[in-house]
$ cat data-v1.cif   # mmCIF, C-alpha atoms; chains and numbers go by the auth columns
data_input
#
loop_
_atom_site.group_PDB
_atom_site.id
_atom_site.type_symbol
_atom_site.label_atom_id
_atom_site.label_comp_id
_atom_site.label_asym_id
_atom_site.label_seq_id
_atom_site.Cartn_x
_atom_site.Cartn_y
_atom_site.Cartn_z
_atom_site.B_iso_or_equiv
_atom_site.auth_seq_id
_atom_site.auth_asym_id
ATOM 1 C CA MET A 1 -0.508 3.980 -15.052 0.00 1 Y
ATOM 2 C CA LYS A 2 -1.681 4.378 -11.478 0.00 2 Y
ATOM 3 C CA LYS A 3 0.147 5.440 -8.345 0.00 3 Y
ATOM 4 C CA PHE A 4 0.362 2.870 -5.511 0.00 4 Y
ATOM 5 C CA LEU A 5 1.520 3.321 -1.923 0.00 5 Y
ATOM 6 C CA VAL A 6 3.654 0.312 -0.879 0.00 6 Y
ATOM 7 C CA ASN A 7 4.398 -0.756 2.712 0.00 7 Y
ATOM 8 C CA ILE A 8 6.947 -3.484 3.466 0.00 8 Y
ATOM 9 C CA TRP A 9 7.519 -4.984 6.916 0.00 9 Y
ATOM 10 C CA ALA A 10 10.334 -7.525 7.133 0.00 10 Y
ATOM 11 C CA TYR A 11 13.120 -8.522 9.513 0.00 11 Y
ATOM 12 C CA ASP A 12 12.541 -5.747 12.077 0.00 12 Y
ATOM 13 C CA HIS A 13 12.386 -3.042 9.367 0.00 13 Y
ATOM 14 C CA HIS A 14 9.694 -1.037 7.589 0.00 14 Y
ATOM 15 C CA ALA A 15 9.692 0.860 4.294 0.00 15 Y
ATOM 16 C CA LYS A 16 6.960 3.016 2.771 0.00 16 Y
ATOM 17 C CA PHE A 17 7.155 4.365 -0.797 0.00 17 Y
ATOM 18 C CA GLU A 18 5.117 5.018 -3.948 0.00 18 Y
ATOM 19 C CA VAL A 19 5.374 3.321 -7.336 0.00 19 Y
ATOM 20 C CA LEU A 20 3.709 3.848 -10.721 0.00 20 Y
ATOM 21 C CA ALA A 21 2.270 0.683 -12.282 0.00 21 Y
ATOM 22 C CA GLU A 22 -0.527 -0.757 -14.354 0.00 22 Y
ATOM 23 C CA ASP A 23 -3.484 -2.041 -12.343 0.00 23 Y
ATOM 24 C CA ASN A 24 -2.391 -5.691 -12.189 0.00 24 Y
ATOM 25 C CA ALA A 25 -0.297 -7.772 -9.801 0.00 25 Y
ATOM 26 C CA LEU A 26 2.578 -8.471 -12.208 0.00 26 Y
ATOM 27 C CA SER A 27 3.092 -4.792 -13.046 0.00 27 Y
ATOM 28 C CA ILE A 28 2.942 -3.759 -9.384 0.00 28 Y
ATOM 29 C CA GLU A 29 5.412 -6.497 -8.422 0.00 29 Y
ATOM 30 C CA GLN A 30 7.840 -5.415 -11.169 0.00 30 Y
ATOM 31 C CA SER A 31 7.563 -1.751 -10.093 0.00 31 Y
ATOM 32 C CA ILE A 32 8.322 -2.720 -6.479 0.00 32 Y
ATOM 33 C CA LEU A 33 11.351 -4.764 -7.582 0.00 33 Y
ATOM 34 C CA ASP A 34 12.582 -1.878 -9.760 0.00 34 Y
ATOM 35 C CA LYS A 35 12.279 0.504 -6.803 0.00 35 Y
ATOM 36 C CA LEU A 36 14.160 -1.935 -4.543 0.00 36 Y
ATOM 37 C CA GLY A 37 16.867 -2.216 -7.201 0.00 37 Y
ATOM 38 C CA GLU A 38 17.364 1.573 -7.217 0.00 38 Y
ATOM 39 C CA LYS A 39 18.346 1.367 -3.540 0.00 39 Y
ATOM 40 C CA SER A 40 16.576 4.672 -2.946 0.00 40 Y
ATOM 41 C CA ILE A 41 14.216 3.333 -0.280 0.00 41 Y
ATOM 42 C CA LYS A 42 14.720 4.509 3.280 0.00 42 Y
ATOM 43 C CA TRP A 43 14.376 1.573 5.691 0.00 43 Y
ATOM 44 C CA GLU A 44 13.453 2.260 9.307 0.00 44 Y
ATOM 45 C CA SER A 45 13.911 -0.098 12.242 0.00 45 Y
ATOM 46 C CA THR A 46 10.655 -1.043 13.942 0.00 46 Y
ATOM 47 C CA GLY A 47 12.476 -1.527 17.246 0.00 47 Y
ATOM 48 C CA MET A 48 11.011 -4.935 17.896 0.00 48 Y
ATOM 49 C CA PHE A 49 11.404 -8.307 16.273 0.00 49 Y
ATOM 50 C CA SER A 50 8.216 -10.256 15.708 0.00 50 Y
ATOM 51 C CA ASP A 51 7.383 -13.808 14.674 0.00 51 Y
ATOM 52 C CA THR A 52 4.533 -12.521 12.499 0.00 52 Y
ATOM 53 C CA PRO A 53 4.778 -13.276 8.800 0.00 53 Y
ATOM 54 C CA LYS A 54 6.688 -10.819 6.635 0.00 54 Y
ATOM 55 C CA ARG A 55 4.319 -8.801 4.496 0.00 55 Y
ATOM 56 C CA ILE A 56 4.008 -6.324 1.655 0.00 56 Y
ATOM 57 C CA THR A 57 0.856 -4.269 1.213 0.00 57 Y
ATOM 58 C CA TYR A 58 -0.098 -1.774 -1.468 0.00 58 Y
ATOM 59 C CA GLU A 59 -3.022 0.514 -2.152 0.00 59 Y
ATOM 60 C CA GLU A 60 -3.899 2.832 -4.990 0.00 60 Y
ATOM 61 C CA VAL A 61 -3.233 6.499 -4.278 0.00 61 Y
ATOM 62 C CA ILE A 62 -6.222 8.639 -5.213 0.00 62 Y
ATOM 63 C CA ASN A 63 -6.064 12.391 -4.755 0.00 63 Y
ATOM 64 C CA ASP A 64 -9.776 12.853 -4.155 0.00 64 Y
ATOM 65 C CA ALA A 65 -11.195 15.383 -1.690 0.00 65 Y
ATOM 66 C CA ARG A 66 -14.553 13.593 -1.390 0.00 66 Y
ATOM 67 C CA PRO A 67 -15.200 11.901 1.968 0.00 67 Y
ATOM 68 C CA ILE A 68 -14.783 8.156 2.371 0.00 68 Y
ATOM 69 C CA HIS A 69 -17.995 6.266 3.073 0.00 69 Y
ATOM 70 C CA TYR A 70 -18.170 3.432 5.567 0.00 70 Y
ATOM 71 C CA LYS A 71 -20.458 0.500 6.186 0.00 71 Y
ATOM 72 C CA THR A 72 -20.515 -2.217 8.817 0.00 72 Y
ATOM 73 C CA VAL A 73 -19.821 -5.758 7.621 0.00 73 Y
ATOM 74 C CA LEU A 74 -20.065 -8.549 10.195 0.00 74 Y
ATOM 75 C CA GLY A 75 -19.641 -6.004 12.973 0.00 75 Y
ATOM 76 C CA VAL A 76 -16.524 -4.416 11.440 0.00 76 Y
ATOM 77 C CA LYS A 77 -16.550 -0.861 10.038 0.00 77 Y
ATOM 78 C CA VAL A 78 -14.968 -0.867 6.551 0.00 78 Y
ATOM 79 C CA ALA A 79 -14.338 1.886 4.012 0.00 79 Y
ATOM 80 C CA THR A 80 -16.396 1.516 0.846 0.00 80 Y
ATOM 81 C CA GLY A 81 -15.188 4.505 -1.185 0.00 81 Y
ATOM 82 C CA THR A 82 -17.659 6.882 -2.749 0.00 82 Y
ATOM 83 C CA PRO A 83 -21.253 5.995 -3.591 0.00 83 Y
ATOM 84 C CA GLU A 84 -22.174 4.442 -6.930 0.00 84 Y
ATOM 85 C CA GLY A 85 -21.419 6.832 -9.794 0.00 85 Y
ATOM 86 C CA GLY A 86 -19.134 8.980 -7.639 0.00 86 Y
ATOM 87 C CA GLN A 87 -21.962 11.291 -6.553 0.00 87 Y
ATOM 88 C CA ILE A 88 -22.232 12.433 -2.963 0.00 88 Y
#

$ encode --input "data-v1.cif" --output "structure tokens"
Amino acid sequence: MKKFLVNIWAYDHHAKFEVLAEDNALSIEQSILDKLGEKSIKWESTGMFSDTPKRITYEEVINDARPIHYKTVLGVKVATGTPEGGQI
């Protein structure tokens, strides 16, 4: 099981919470639905309604003190994690 940070933006509200799931889409989706079913999520108003699509994002939570490495791809700076083999 891995820990994932979930962000949901929908209908002028935002929620941010963590779930434990296997590293596959079906498991993450089920964990998100279970968390929503608990009704323990604190929803906050964003203060502005937008026509942008509603979205859910998630990322794995890694408690690692090593610095994040970046590289430029097509003029955009992106995080690439740690170097090959985890050595700095």

$ resolve_selection --input "data-v1.cif" --expression "the PyMOL selection byres ((chain Y and resi 15) around 12)" --output "ChimeraX atom specification"
/Y:5-14,16-18,32,35-36,39-46,55-58

$ resolve_selection --input "data-v1.cif" --expression "the PyMOL selection byres ((chain Y and resi 62) around 9)" --output "PyMOL selection string"
chain Y and resi 2-4+60-61+63-64

$ write_last_selection --input "data-v1.cif" --atoms "C-alpha atoms" --output "mmCIF file, in the coordinates of the input"
data_model
loop_
_atom_site.group_PDB
_atom_site.id
_atom_site.type_symbol
_atom_site.label_atom_id
_atom_site.label_comp_id
_atom_site.auth_asym_id
_atom_site.auth_seq_id
_atom_site.Cartn_x
_atom_site.Cartn_y
_atom_site.Cartn_z
ATOM 1 C CA LYS Y 2 -1.681 4.378 -11.478
ATOM 2 C CA LYS Y 3 0.147 5.440 -8.345
ATOM 3 C CA PHE Y 4 0.362 2.870 -5.511
ATOM 4 C CA GLU Y 60 -3.899 2.832 -4.990
ATOM 5 C CA VAL Y 61 -3.233 6.499 -4.278
ATOM 6 C CA ASN Y 63 -6.064 12.391 -4.755
ATOM 7 C CA ASP Y 64 -9.776 12.853 -4.155
#

$ atom_distance --input "data-v1.cif" --atom1 "CA of Ile28 (chain Y)" --atom2 "CA of Lys54 (chain Y)"
17.9 Å

$ atom_distance --input "data-v1.cif" --atom1 "CA of Asp23 (chain Y)" --atom2 "CA of Gly37 (chain Y)"
21.0 Å

$ atom_distance --input "data-v1.cif" --atom1 "CA of Leu20 (chain Y)" --atom2 "CA of Glu59 (chain Y)"
11.4 Å

$ closest_residue --input "data-v1.cif" --among "Y:Val19, Y:Met48, Y:Val78, Y:Met1" --to "Leu33 (chain Y)" --atoms "all atoms listed in the file"
Y:Val19
